[in-house]
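K.L.:
Structure incoming, see below.
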Amino acid sequence: MLRYVLTRFAIWIPSVLVVMLAVYALAFYGAGDPIKLIFLRAPGDVAYNPQRIEAIRESAGLNKPFIVQFGLYIWNLLHGQFGNSLTSGRSVWAMVSAAAPVSFQLAICSIILTAVVAIPLGMIAALNQNSRIDYAILGSALFLWAIPAYVAGPLLMVGLIVLLPGASVPYGWGGILDVRILLPLLVLSFQPIALIVRQTRAAVIEVLSEDFVRTARAKGVPEIMVALRHILRPVLTPVVTQLGLIMITIVNGAIFVELVFGLPGLGRLTVQALINSDYPVILAITLIGSFLVMVSNLLVDVLYPLLDPRANDSRRSR
Amino acid sequence: MSDQSDKTNISRRNALKLGLAAGVGLTVFGMNARIVMADEGQVLKVAHPAFDQDWSPLRGGGRTFRWNSIWWASPMYFDSQGNIKPYVFTSWESADNTVWTFKIDPKAVFSDGSKITSADVKGSWEVASMPNTKSQRADQVLSKVKGYAEISAGSGNELTGVATPDEGTVVVTLGAADPIFFMRLANHIAPITKASQSRGSDGEEIIDWYKPDSKPVFSGPFKLTSIDIDAGKLTFEPNENFFGPKPKLARIEVTSIEDNVSATSLIKSGEFNAHTELITSTIIQDLGPEFSAGPLIPTSQHFWFNISRAPMDDPKVRQALIMAVDRDGLFKASYPDGPHKKADQILNSVPGAENSGFEPYPYDPEAAKKLLAESTYGGPERLPKILFVGISGPAIQAAAQFIAEQWRQNLGITAVDMKPQQDSYAGPDQNSVQIFRDDVGTRVPDAVSYLAGSIASTSSNAQNKLGGYKNDKVDSALAEATTKAADDPQRIALAQEAQKAFREDWAFIPWYSQAMSRWATKEVKGLEKNLDWQVVEPWNISIG
């Protein structure tokens, strides 16, 4: 297993370097000079002169050729330095390490909520295939799937104020035990729940026709035991894979939720960095994102044999 | 026995109901508890529209700048009527408009009780001038001071033109006469800080020097008592040693709220009572007319033509495009309920803006059609696609759509495209953009300064958005005007002349003059702003 993990890590490094190069090139050659943007952000007439802009750019090392800047960035990265934000001068590491825990906590809570709600619902729908219960669950899942976060967030927020006069707007971050996490968590979990419900249902329907399920039922095993012992376990393999992918999406894509509910996470930081063309911050977030992809995939791979012993056997036989 | 069992045992269903009720109860109670806390005392709760990572008062611009007057004192300040008032400086004089002498209020002290000295003034201006400080407007205030050019370009670290003969006197020598230099200082662009705290031994600004961890001292009516940049929260409390009037508020809390729907909900629910800049198409309906009311400031929004790009390089096309737009309708389409005012010219809210002699562009679809036919393009079918940039907010979109529709109806032009980006626009047609929506303005009540930043060939607006616009009549009139005293009628007359000369080039569609909205609920009293976006007298703010 250790060898497997190390191999995966070795493959990850060049992939990340290519991604970083692409992102760096986009930031370097793309729109938005970060230094000019500092000036353009202010309303009204801004009297900046080219000499001053050039002096600022020189002091930030932005006048060096592309490849030199990229090389320096990688060199600093190898020495554990993420550099400083071009707009605020703050340490990028400090900024990212303040934001990442919020996104991770939110993502983990969302994954737990999704698993707890969606897997049982998917199973119930499958076990009652083509019944009213099935239609109700599937219809609700489709409804949730169709609502984007940037619509659901403001709607729920405004709805809460209208329906509960005197209630405060759930804005800000107070940790996972704070009541304000409820709405963002719900909004963030809508689409994952819809996805997992549908996937679980489809997987369960497939497993229901397997011989071992028929055998278990023929032996008189109670239906609940059949569902939990014989159906759930093989179904979990593809569902966990999907949950792993969803985790990445949630951490990287919670932009609207973080903006609407004022959560100081990576999504919010990403938007700010993109607006400012603050590429040391953009690169650090990209690095975290790709690292997360690798770790999630790795975790899913490690979980496979635990959920389905056949996966372990097939790996060994290779 | 069975009775007892019935009383003590709760069914699963009842337990669930009880749990749900308790959950809802606790949630609602918890929420209400927050509201009670928020209503205690005189607390101004401000929503800030961005997640700013840098609150140094030395940036001279940007969103964070709008709250500078809360915690920093300026040399002088303009009130909401445009009158100049003493602050740290009590007097200013110059015999030749080149050497200026300023006297510091002997009572002026920092929050630790130490005197604000001329050395602090000099040091504050110097650090604001250093390129690494990235001050967005130090040029506007200090560019004519001797030594500024060297510091600003990174080849010096001292303003040689600033002398400090004693701790209460600042003598400034300019490279060229400037009759309105005293006005340029009357703002928070280069606020007065304790130089030994904000500036390192290398002359550069010390990062994070203003944060409470660095134990800074402040010169304004409030002091920063806590800051959590990652969460976007700042708290200010009264500066007990402030040398001006005693502040009425017990606390000011600033919270970053990027989403306008959230901000509007929070203000509506009473959890917040002010905003740094809230512009939505339904703001009047949502928060009432008082919320965004305010006096007009010398800033205006227009659609600028890049006269070096086809088809705008043909004056007849420009004239046709302008005359085909009903500008009354344009204004109604974008700000039907205010708070802004329709503009006919560039100048507003400065001496000389009234009766300037600038004849508003007429709305004449027939004449416009004729002009387009007479142009080198001969009609709408041979015109290249017209591309707008800076079409970012709902009101702006409404205005741009109105213009495009007028062109379609009156001239038969159908190929019009709009992009939200402005200077950073990088689409495939970036070299074809002909119209830039943008504001122009000035920070001093002066017509010459206003036009120098808008239509003089040296201005960024003329060079970039107007495509290298240059009119010798405009330049010479403004150059001559800058030598006249602020109250000299000739100064104003020359500015008006420059504006009239610009009119004949047909290079913009006037849109609106901007009101400086208070962005505060009606319960907030004494929150008046000036042309520099600053709360004029923060010590006067009260709630209720």
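Identifiers in this document derive from the order of the structure tokens: chains are assigned A, B, ..., residues are numbered from 1 separately in each chain, and ligands are numbered from 1 in order of occurrence.
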For Pro154 (chain A), find every residue with an atom within 7 Å (counting only C-alpha atoms), except residues of its own chain fewer than 6 positions away, and show them as an MDAnalysis selection string.
P.N.:
(chainID A and resid 260) or (chainID B and resid 261:262)
K.L.:
Using all heavy atoms, can you write the selected residues to a file as a PDB file, in the first residue's frame?
P.N.:
```pdb
ATOM      1  N   VAL A 260     -22.601  34.319  -0.422  1.00  0.00           N
ATOM      2  CA  VAL A 260     -23.947  34.684   0.039  1.00  0.00           C
ATOM      3  C   VAL A 260     -24.031  34.647   1.565  1.00  0.00           C
ATOM      4  O   VAL A 260     -24.611  35.540   2.181  1.00  0.00           O
ATOM      5  CB  VAL A 260     -25.005  33.743  -0.586  1.00  0.00           C
ATOM      6  CG1 VAL A 260     -26.362  33.938   0.057  1.00  0.00           C
ATOM      7  CG2 VAL A 260     -25.105  33.993  -2.076  1.00  0.00           C
TER       8      VAL A 260
ATOM      9  N   VAL B 261     -27.762  40.848  -1.909  1.00  0.00           N
ATOM     10  CA  VAL B 261     -29.029  40.343  -1.351  1.00  0.00           C
ATOM     11  C   VAL B 261     -28.878  40.154   0.156  1.00  0.00           C
ATOM     12  O   VAL B 261     -29.733  40.554   0.944  1.00  0.00           O
ATOM     13  CB  VAL B 261     -29.441  39.015  -2.024  1.00  0.00           C
ATOM     14  CG1 VAL B 261     -30.673  38.431  -1.357  1.00  0.00           C
ATOM     15  CG2 VAL B 261     -29.700  39.229  -3.509  1.00  0.00           C
ATOM     16  N   SER B 262     -27.754  39.545   0.555  1.00  0.00           N
ATOM     17  CA  SER B 262     -27.503  39.349   1.990  1.00  0.00           C
ATOM     18  C   SER B 262     -27.437  40.697   2.695  1.00  0.00           C
ATOM     19  O   SER B 262     -28.028  40.883   3.763  1.00  0.00           O
ATOM     20  CB  SER B 262     -26.186  38.615   2.215  1.00  0.00           C
ATOM     21  OG  SER B 262     -26.130  37.448   1.459  1.00  0.00           O
TER      22      SER B 262
END
```
K.L.:
Would you list the contacts of region 173-183 of chain A as a PyMOL selection string, taking every protein, DNA or RNA residue within 10 Å and counting only C-alpha atoms, but skipping same-chain residues closer than 2 positions in sequence?
P.N.:
(chain A and resi 101-102+105-106+109+152-153+156-157+160+168-171+185-189+257-258+261-265) or (chain B and resi 26-28+30-31+231)
K.L.:
Excluding region 116-129 of chain A and its own-chain neighbours fewer than 6 positions away, which residues fall within 8 Å of it when counting only C-alpha atoms? Please give them as JSON, numbers by chain.
P.N.:
{"A": [135, 137, 138, 193, 194, 196, 197, 198, 199, 200, 201, 202, 204, 205]}
K.L.:
Using only C-alpha atoms, find the one residue out of A:Ala149, A:Leu78, A:Leu269, A:Val281 that sits nearest to chain B.
P.N.:
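Closest to chain B, using only C-alpha atoms: A:Leu269.
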K.L.:
Identify, on the basis of only C-alpha atoms, every residue whose closest approach to region 22-27 of chain A does not exceed 7 Å; exclude the query and any residue fewer than 2 positions from it along the same chain; express the result as a list in words.
P.N.:
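That gives Val18, Val19, Met20, Tyr29, Gly30, Ser277, Tyr279 and Leu283 of chain A.
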K.L.:
Please identify the strand (DSSP E or B) residues within region 375-470 of chain B (assignment by DSSP from backbone atoms) and present them as a PyMOL selection string.
P.N.:
chain B and resi 386-389+416-419+435-441
K.L.:
Give me the residues near Leu249 (chain B) as JSON, numbers by chain, where near means some atom within 12 Å (using only C-alpha atoms) and where sequence neighbours in that chain fewer than 3 positions away do not count.
P.N.:
{"B": [40, 41, 42, 43, 44, 45, 70, 221, 222, 236, 237, 238, 239, 245, 246, 252, 253, 524, 525, 526, 527, 538, 539, 540, 541, 542, 543, 544]}
K.L.:
From the set A:Leu287, A:Ser15, A:Glu58, A:Ala100, which residue has the shortest atom-to-atom contact distance to Leu77 (chain A), counting only C-alpha atoms?
P.N.:
A:Leu287
K.L.:
Excluding region 4-6 of chain A and residues on its chain fewer than 6 positions from it, collect all residues at most 12 Å away from it, counting only C-alpha atoms, and give them as a ChimeraX atom specification.
P.N.:
/A:12-13,294-295,297-299,301-302,315
K.L.:
May I ask for the distance between CA of Gly379 (chain B) and CA of Ile435 (chain B), given in Å to one decimal place?
P.N.:
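A separation of 19.3 Å between them.
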K.L.:
To one decimal place in Å, what is the distance between CA of Arg491 (chain B) and CA of Gly161 (chain B)?
P.N.:
26.2 Å
K.L.:
What's around Phe388 (chain B) at 8 Å? Count only C-alpha atoms, leave out sequence neighbours fewer than 3 positions away in its own chain, and write the answer as a PyMOL selection string.
P.N.:
chain B and resi 391+416-419+433-437
K.L.:
Can you tell me how far CA of Ser517 (chain B) sits from CA of Thr235 (chain B), in Å to one decimal?
P.N.:
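Computing the Euclidean distance for CA of Ser517 (chain B) and CA of Thr235 (chain B) yields 22.9 Å.
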